[in-house]
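Quick notes on the structure that follows.
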Amino acid sequence: MKRGALALFAGLLLVGLVPGSTLAILSPTSNLDQWNDPAGLGHGASGALNWAQTFTAGEYGLLSGVDLYLELGGGGSLTASIEATASGLPTGSTLASASSTVAASAGWVHFSFPTPLSVVQDSVYAIVINPTAAGVWFGSTNTYSGGQAFEAGAPWTALADPADFGFRTYVDTVGTQLQWDKPQITAGISTPLTLTATMTYANGVEANHYGAFLGLVPTWFTPTGITCSDTANKIVPADCTLGNFGSGFGSLIPASATGDLMTFTVTGTAAPASSDIGTPGMAGANACIEYASLTSCGDATASVDVIAAAATPAPPTPAPPTVAPTVAPTVAPTVAPTVAPTVAPTVAPTVAPTPTRSPTSAVTPPPTSTGVTPASGAAGSIIWSLPVALIAFLGGLLALAIRQRRRIS
């Protein structure tokens with residue numbers, strides 16, 4: 001909020017510093033430069049005296065006319081002149097002059113200069129009139145800071161009431177703005193490109209025609225289309241062609257009494273070569289106001305850079321495939337299974353009881369077997385030795401049983 005308020009205050013201050021009794025927001029096509037509105041104070045005299053109002057030019061341009069707030073007894077013609085000044089006083093050197101009819105009642109009277117006067121910003125000039133009959137020039141009390149009202153005597157005498165006469169000055173200006181829609185383009189590539197020209201004509205009734213001229217484009221730019229527009233509707237659509245823009249339109253565009261704002265948009269294709277790299281592509285255009293005796297123009301240029309295409313990076317070299325190291329499989333040493341030695345079960349020797357001797361015969365006991373198979377025998381020896389041991393065991397039991405029977409019997 002503070003910044004906005006400060007900006008508004010600064011803007012009002014700048015407007016307030018502009019010479020003139022009335023604050024006004026002017027359109028871009030207005031040629032009104034300096035002014036002082038009358039406040040009912042009139043200064044009258046006969047044709048024996050000159051009156052003058054000095055003013056400070058607010059800009060460079062062509063002073064095409066002035067308005068004065070006058071009345072002339074009985075009405076009649078009056079001549080107004082623009083003079084140079086020295087030390088703030090008219091010098092008598094006439095720079096431009098024009099005549100107009102003044103009514104018997106007070107009002108604004110316009111004086112158009114057939115040949116507009118080129119004025120310099122901040123320079124002081126004087127409007128001088130010499131009424132041929134009793135006339136009145138109305139003004140105000142010291143409301144214009146850029147000049148002063150005078151009456152000719154010997155020498156010029158500053159007036160106090162009114163201190164400033166009622167007047168308006170009109171300074172015609174013409175200007176061009178030109179712009180590409182891209183800051184840079186690439187050589188070797190066809191690129192759509194647009195050039196826009198904005199032309200401002202600030203003038204009054206003195207202007208006759210407008211000129212609009214596209215005088216320069218790069219050789220590598222090929223225009224293909226154009227659109228035209230203006231706020232005063234002075235361009236006939238059928239006249240909006242690339243050919244007319246290239247020749248300045250001749251006298252095809254009549255001037256507006258209140259100025260005009262024109263926009264020309266040229267589309268095309270840019271195809272710069274590699275030899276154009278580093279050389280800006282220049283375009284030039286100018287707007288002109290044509291008067292009965294002179295032409296005033298304002299021109300502009302625009303450039304677009306031509307650059308080299310970005311180098312295409314080489315494709316990256318693929319890295320060699322990563323090969324995992326071959327690891328020989330670890331082979332566990334072959335271990336022969338440990339075979340526990342097969343031990344034949346130890347068979348306790350069967351001891352037959354000692355029989356009671358019979359008086360008739362003696363029985364020979366069966367042979368006692370140790371039942372021990374050599375450890376060094378093969379597995380097959382173990383297999384067949386088991387039945388033999390079993391048979392021997394059974395045989396022993398049988399022999400024992402026979403003896404018991406005999407004993408019983």
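Ordering of the structure tokens sets the chain letters (A, B, ...), residue numbers begin anew at 1 in every chain, and ligands are numbered from 1 in the order given.
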
Every residue of stretch 158-260 of chain A that DSSP places in alpha helix (DSSP H), as a list of chain:residue names | A:Leu242, A:Gly243, A:Asn244, A:Phe245, A:Gly246, A:Ser247

Write to file, as an mmCIF file, in the first residue's frame, the residues of the selection just made, with all heavy atoms.
```
data_model
loop_
_atom_site.group_PDB
_atom_site.id
_atom_site.type_symbol
_atom_site.label_atom_id
_atom_site.label_comp_id
_atom_site.auth_asym_id
_atom_site.auth_seq_id
_atom_site.Cartn_x
_atom_site.Cartn_y
_atom_site.Cartn_z
ATOM 1 N N LEU A 242 1.163 -6.312 -48.458
ATOM 2 C CA LEU A 242 2.614 -6.209 -48.292
ATOM 3 C C LEU A 242 3.207 -5.219 -49.288
ATOM 4 O O LEU A 242 4.154 -4.491 -48.967
ATOM 5 C CB LEU A 242 3.251 -7.596 -48.471
ATOM 6 C CG LEU A 242 3.027 -8.602 -47.339
ATOM 7 C CD1 LEU A 242 3.498 -9.986 -47.759
ATOM 8 C CD2 LEU A 242 3.748 -8.158 -46.072
ATOM 9 N N GLY A 243 2.625 -5.155 -50.495
ATOM 10 C CA GLY A 243 3.131 -4.220 -51.497
ATOM 11 C C GLY A 243 2.953 -2.780 -51.069
ATOM 12 O O GLY A 243 3.875 -1.956 -51.211
ATOM 13 N N ASN A 244 1.795 -2.448 -50.497
ATOM 14 C CA ASN A 244 1.574 -1.073 -50.055
ATOM 15 C C ASN A 244 2.444 -0.721 -48.857
ATOM 16 O O ASN A 244 2.943 0.407 -48.747
ATOM 17 C CB ASN A 244 0.099 -0.871 -49.695
ATOM 18 C CG ASN A 244 -0.783 -0.733 -50.930
ATOM 19 O OD1 ASN A 244 -0.314 -0.349 -51.999
ATOM 20 N ND2 ASN A 244 -2.063 -1.069 -50.783
ATOM 21 N N PHE A 245 2.632 -1.676 -47.942
ATOM 22 C CA PHE A 245 3.487 -1.407 -46.791
ATOM 23 C C PHE A 245 4.933 -1.210 -47.238
ATOM 24 O O PHE A 245 5.682 -0.424 -46.655
ATOM 25 C CB PHE A 245 3.385 -2.557 -45.792
ATOM 26 C CG PHE A 245 3.900 -2.225 -44.413
ATOM 27 C CD1 PHE A 245 3.978 -0.928 -43.961
ATOM 28 C CD2 PHE A 245 4.298 -3.236 -43.555
ATOM 29 C CE1 PHE A 245 4.443 -0.618 -42.693
ATOM 30 C CE2 PHE A 245 4.775 -2.956 -42.282
ATOM 31 C CZ PHE A 245 4.847 -1.636 -41.854
ATOM 32 N N GLY A 246 5.318 -1.912 -48.291
ATOM 33 C CA GLY A 246 6.679 -1.761 -48.799
ATOM 34 C C GLY A 246 6.899 -0.461 -49.549
ATOM 35 O O GLY A 246 8.051 -0.018 -49.706
ATOM 36 N N SER A 247 5.803 0.179 -50.003
ATOM 37 C CA SER A 247 5.947 1.426 -50.754
ATOM 38 C C SER A 247 5.503 2.644 -49.968
ATOM 39 O O SER A 247 5.539 3.770 -50.473
ATOM 40 C CB SER A 247 5.126 1.345 -52.056
ATOM 41 O OG SER A 247 3.744 1.206 -51.766
#
```

Long-range neighbours of A:Leu214 as a ChimeraX atom specification, 8 Å cut-off, only C-alpha atoms, 2 positions minimum in chain = /A:212,216-217,245-248,284-286

Could you save the residues just selected, with N, CA and C atoms, as a short mmCIF file (atom, residue, chain, number, x, y, z; two decimals), in the first residue's frame?
```cif
data_model
loop_
_atom_site.label_atom_id
_atom_site.label_comp_id
_atom_site.auth_asym_id
_atom_site.auth_seq_id
_atom_site.Cartn_x
_atom_site.Cartn_y
_atom_site.Cartn_z
N ALA A 212 3.12 5.01 -44.06
CA ALA A 212 3.60 3.87 -43.26
C ALA A 212 4.47 3.02 -44.18
N LEU A 216 13.01 -1.99 -44.67
CA LEU A 216 14.16 -2.89 -44.60
C LEU A 216 13.78 -4.16 -43.87
N VAL A 217 14.13 -5.30 -44.47
CA VAL A 217 14.04 -6.60 -43.79
C VAL A 217 15.26 -7.40 -44.20
N PHE A 245 2.63 -1.68 -47.94
CA PHE A 245 3.49 -1.41 -46.79
C PHE A 245 4.93 -1.21 -47.24
N GLY A 246 5.32 -1.91 -48.29
CA GLY A 246 6.68 -1.76 -48.80
C GLY A 246 6.90 -0.46 -49.55
N SER A 247 5.80 0.18 -50.00
CA SER A 247 5.95 1.43 -50.75
C SER A 247 5.50 2.64 -49.97
N GLY A 248 5.04 2.44 -48.73
CA GLY A 248 4.66 3.56 -47.88
C GLY A 248 3.20 3.95 -47.97
N GLY A 284 13.74 -2.19 -40.63
CA GLY A 284 13.53 -0.76 -40.43
C GLY A 284 12.18 -0.33 -40.98
N ALA A 285 11.52 0.57 -40.28
CA ALA A 285 10.22 1.09 -40.72
C ALA A 285 10.09 2.53 -40.26
N ASN A 286 9.24 3.31 -40.96
CA ASN A 286 9.00 4.68 -40.51
C ASN A 286 7.57 5.10 -40.81
#
```

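In terms of minimum interatomic distance to A:Phe138, A:Leu70 ranks closest within A:Leu70, A:Ala187, A:Leu49, A:Ala270, counting only C-alpha atoms.
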
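Distances here use only C-alpha atoms; by that measure, the residue among A:Ser229, A:Thr263, A:Gln179, A:Thr186 closest to A:Gly278 is A:Thr186.
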
May I have all residues of stretch 79-243 of chain A that DSSP, computed from the backbone, assigns to strand (DSSP E or B), given as a PyMOL selection string?
-> chain A and resi 79-86+89-102+107-119+124-129+135-140+149-152+156-158+164-165+167-180+184-186+191-202+209-216+221-230

Distance query A:Asn50 at most 9 Å, only C-alpha atoms, self and fewer than 4 positions along chain excluded, as a ChimeraX atom specification | /A:45,128-131,150-153

For the residues in that selection, give me all heavy atoms as a PDB file, in the first residue's frame.
```pdb
ATOM      1  N   ALA A  45      -7.668  46.374 -25.733  1.00  0.00           N
ATOM      2  CA  ALA A  45      -6.858  47.470 -26.270  1.00  0.00           C
ATOM      3  C   ALA A  45      -7.270  47.707 -27.705  1.00  0.00           C
ATOM      4  O   ALA A  45      -7.977  46.907 -28.316  1.00  0.00           O
ATOM      5  CB  ALA A  45      -5.379  47.143 -26.183  1.00  0.00           C
ATOM      6  N   VAL A 128       2.240  36.279 -30.604  1.00  0.00           N
ATOM      7  CA  VAL A 128       2.071  37.732 -30.685  1.00  0.00           C
ATOM      8  C   VAL A 128       0.894  38.051 -31.607  1.00  0.00           C
ATOM      9  O   VAL A 128       0.788  37.501 -32.716  1.00  0.00           O
ATOM     10  CB  VAL A 128       3.350  38.412 -31.214  1.00  0.00           C
ATOM     11  CG1 VAL A 128       3.147  39.930 -31.303  1.00  0.00           C
ATOM     12  CG2 VAL A 128       4.546  38.089 -30.321  1.00  0.00           C
ATOM     13  N   ILE A 129       0.011  38.914 -31.151  1.00  0.00           N
ATOM     14  CA  ILE A 129      -1.092  39.382 -31.996  1.00  0.00           C
ATOM     15  C   ILE A 129      -1.156  40.911 -31.937  1.00  0.00           C
ATOM     16  O   ILE A 129      -0.684  41.534 -30.987  1.00  0.00           O
ATOM     17  CB  ILE A 129      -2.461  38.808 -31.566  1.00  0.00           C
ATOM     18  CG1 ILE A 129      -2.819  39.254 -30.140  1.00  0.00           C
ATOM     19  CG2 ILE A 129      -2.453  37.288 -31.667  1.00  0.00           C
ATOM     20  CD1 ILE A 129      -4.233  38.869 -29.723  1.00  0.00           C
ATOM     21  N   ASN A 130      -1.774  41.481 -32.989  1.00  0.00           N
ATOM     22  CA  ASN A 130      -1.992  42.925 -33.038  1.00  0.00           C
ATOM     23  C   ASN A 130      -3.403  43.146 -33.569  1.00  0.00           C
ATOM     24  O   ASN A 130      -3.635  43.101 -34.770  1.00  0.00           O
ATOM     25  CB  ASN A 130      -0.968  43.592 -33.946  1.00  0.00           C
ATOM     26  CG  ASN A 130      -1.047  45.109 -33.902  1.00  0.00           C
ATOM     27  OD1 ASN A 130      -2.087  45.685 -33.567  1.00  0.00           O
ATOM     28  ND2 ASN A 130       0.045  45.758 -34.257  1.00  0.00           N
ATOM     29  N   PRO A 131      -4.347  43.340 -32.650  1.00  0.00           N
ATOM     30  CA  PRO A 131      -5.735  43.510 -33.102  1.00  0.00           C
ATOM     31  C   PRO A 131      -5.905  44.784 -33.928  1.00  0.00           C
ATOM     32  O   PRO A 131      -5.363  45.831 -33.600  1.00  0.00           O
ATOM     33  CB  PRO A 131      -6.528  43.585 -31.799  1.00  0.00           C
ATOM     34  CG  PRO A 131      -5.550  44.038 -30.782  1.00  0.00           C
ATOM     35  CD  PRO A 131      -4.222  43.450 -31.189  1.00  0.00           C
ATOM     36  N   PHE A 150       2.276  39.718 -21.912  1.00  0.00           N
ATOM     37  CA  PHE A 150       2.947  41.013 -22.094  1.00  0.00           C
ATOM     38  C   PHE A 150       2.088  41.919 -22.968  1.00  0.00           C
ATOM     39  O   PHE A 150       1.275  41.466 -23.785  1.00  0.00           O
ATOM     40  CB  PHE A 150       4.311  40.829 -22.780  1.00  0.00           C
ATOM     41  CG  PHE A 150       5.333  40.091 -21.949  1.00  0.00           C
ATOM     42  CD1 PHE A 150       5.477  38.710 -22.075  1.00  0.00           C
ATOM     43  CD2 PHE A 150       6.145  40.774 -21.056  1.00  0.00           C
ATOM     44  CE1 PHE A 150       6.439  38.029 -21.335  1.00  0.00           C
ATOM     45  CE2 PHE A 150       7.101  40.101 -20.304  1.00  0.00           C
ATOM     46  CZ  PHE A 150       7.254  38.724 -20.445  1.00  0.00           C
ATOM     47  N   GLU A 151       2.357  43.197 -22.786  1.00  0.00           N
ATOM     48  CA  GLU A 151       1.799  44.212 -23.675  1.00  0.00           C
ATOM     49  C   GLU A 151       2.948  45.062 -24.197  1.00  0.00           C
ATOM     50  O   GLU A 151       3.880  45.390 -23.455  1.00  0.00           O
ATOM     51  CB  GLU A 151       0.800  45.092 -22.926  1.00  0.00           C
ATOM     52  CG  GLU A 151       0.095  46.108 -23.812  1.00  0.00           C
ATOM     53  CD  GLU A 151      -0.949  46.879 -23.042  1.00  0.00           C
ATOM     54  OE1 GLU A 151      -0.562  47.639 -22.117  1.00  0.00           O
ATOM     55  OE2 GLU A 151      -2.135  46.696 -23.338  1.00  0.00           O
ATOM     56  N   ALA A 152       2.875  45.357 -25.501  1.00  0.00           N
ATOM     57  CA  ALA A 152       3.993  46.075 -26.112  1.00  0.00           C
ATOM     58  C   ALA A 152       3.905  47.560 -25.801  1.00  0.00           C
ATOM     59  O   ALA A 152       2.874  48.206 -25.997  1.00  0.00           O
ATOM     60  CB  ALA A 152       3.990  45.857 -27.616  1.00  0.00           C
ATOM     61  N   GLY A 153       4.974  48.005 -25.269  1.00  0.00           N
ATOM     62  CA  GLY A 153       5.146  49.444 -25.113  1.00  0.00           C
ATOM     63  C   GLY A 153       6.540  49.719 -25.609  1.00  0.00           C
ATOM     64  O   GLY A 153       6.921  49.278 -26.674  1.00  0.00           O
TER      65      GLY A 153
END
```

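Taking atom CA of A:Ala238 and atom CA of A:Phe221 as the two end points, the separation is 24.1 Å.
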
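Of note, atom CA of A:Ala84 and atom CA of A:Val120 are spaced 11.5 Å apart.
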
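Taking atom CA of A:Gly40 and atom CA of A:Gly107 as the two end points, the separation is 11.2 Å.
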
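The closest residue to A:Ala287, picked from A:Ile253, A:Ala302, A:Ala401, A:Leu62 and counting only C-alpha atoms, is A:Ile253.
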
Excluding A:Gly188 and residues on its chain fewer than 5 positions from it, collect all residues at most 8 Å away from it, counting only C-alpha atoms, and give them as a VMD selection string.
-> chain A and resid 271 to 274 309

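Proximity to A:Tyr125 was assessed for A:Gly146, A:Gly65, A:Thr56, A:Asn203 counting only C-alpha atoms; the smallest distance is recorded for A:Thr56.
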
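For the choices A:Pro318, A:Gly268, A:Gly259, A:Gly135, the atom-to-atom distance to A:His209 is smallest for A:Gly259 when using only C-alpha atoms.
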
Would you kindly return, as a PyMOL selection string, each protein, DNA or RNA residue with an atom no farther than 12 Å from any atom of A:Gly76, considering only C-alpha atoms and excluding same-chain residues fewer than 6 positions away?
-> chain A and resi 70+99-105+109+131-135

Take the residues from that selection and put them in a file with N, CA and C atoms, as a JSON list (two decimals), in the first residue's frame.
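Result file follows (again32.json):
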```
[["chain", "number", "residue", "atom", "x", "y", "z"],
["A", 70, "LEU", "N", -10.40, 34.78, -27.57],
["A", 70, "LEU", "CA", -10.49, 36.18, -28.00],
["A", 70, "LEU", "C", -11.92, 36.60, -28.30],
["A", 99, "SER", "N", -3.53, 33.43, -40.09],
["A", 99, "SER", "CA", -4.67, 34.32, -39.88],
["A", 99, "SER", "C", -5.94, 33.51, -39.68],
["A", 100, "SER", "N", -6.87, 34.07, -38.92],
["A", 100, "SER", "CA", -8.13, 33.40, -38.67],
["A", 100, "SER", "C", -9.20, 34.45, -38.39],
["A", 101, "THR", "N", -10.45, 34.03, -38.47],
["A", 101, "THR", "CA", -11.56, 34.93, -38.22],
["A", 101, "THR", "C", -11.95, 34.89, -36.75],
["A", 102, "VAL", "N", -12.08, 36.07, -36.15],
["A", 102, "VAL", "CA", -12.43, 36.20, -34.74],
["A", 102, "VAL", "C", -13.84, 36.77, -34.64],
["A", 103, "ALA", "N", -14.65, 36.15, -33.80],
["A", 103, "ALA", "CA", -16.03, 36.60, -33.64],
["A", 103, "ALA", "C", -16.11, 37.78, -32.68],
["A", 104, "ALA", "N", -17.27, 38.38, -32.67],
["A", 104, "ALA", "CA", -17.48, 39.53, -31.78],
["A", 104, "ALA", "C", -17.72, 39.09, -30.35],
["A", 105, "SER", "N", -18.02, 37.80, -30.14],
["A", 105, "SER", "CA", -18.20, 37.27, -28.79],
["A", 105, "SER", "C", -17.00, 36.39, -28.45],
["A", 109, "VAL", "N", -10.34, 30.56, -30.70],
["A", 109, "VAL", "CA", -10.07, 30.75, -32.13],
["A", 109, "VAL", "C", -8.80, 29.99, -32.48],
["A", 131, "PRO", "N", -4.35, 43.34, -32.65],
["A", 131, "PRO", "CA", -5.73, 43.51, -33.10],
["A", 131, "PRO", "C", -5.91, 44.78, -33.93],
["A", 132, "THR", "N", -6.64, 44.64, -35.02],
["A", 132, "THR", "CA", -6.86, 45.81, -35.91],
["A", 132, "THR", "C", -8.02, 46.66, -35.42],
["A", 133, "ALA", "N", -8.78, 46.12, -34.49],
["A", 133, "ALA", "CA", -9.90, 46.90, -33.91],
["A", 133, "ALA", "C", -9.93, 46.61, -32.42],
["A", 134, "ALA", "N", -10.86, 47.17, -31.76],
["A", 134, "ALA", "CA", -10.94, 46.94, -30.32],
["A", 134, "ALA", "C", -11.18, 45.46, -30.07],
["A", 135, "GLY", "N", -10.28, 44.84, -29.34],
["A", 135, "GLY", "CA", -10.39, 43.42, -29.07],
["A", 135, "GLY", "C", -10.08, 43.12, -27.62]]
```

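Considering the residues A:Thr267, A:Ala96, A:Ile226, A:Ala399 and counting only C-alpha atoms, A:Thr191 has its shortest atom-to-atom contact with A:Thr267.
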
Distance query stretch 31-35 of chain A at most 7 Å, only C-alpha atoms, self and fewer than 2 positions along chain excluded, as an NGL selection string | :A and (19-21 or 29 or 37 or 58 or 167-172 or 202-204)
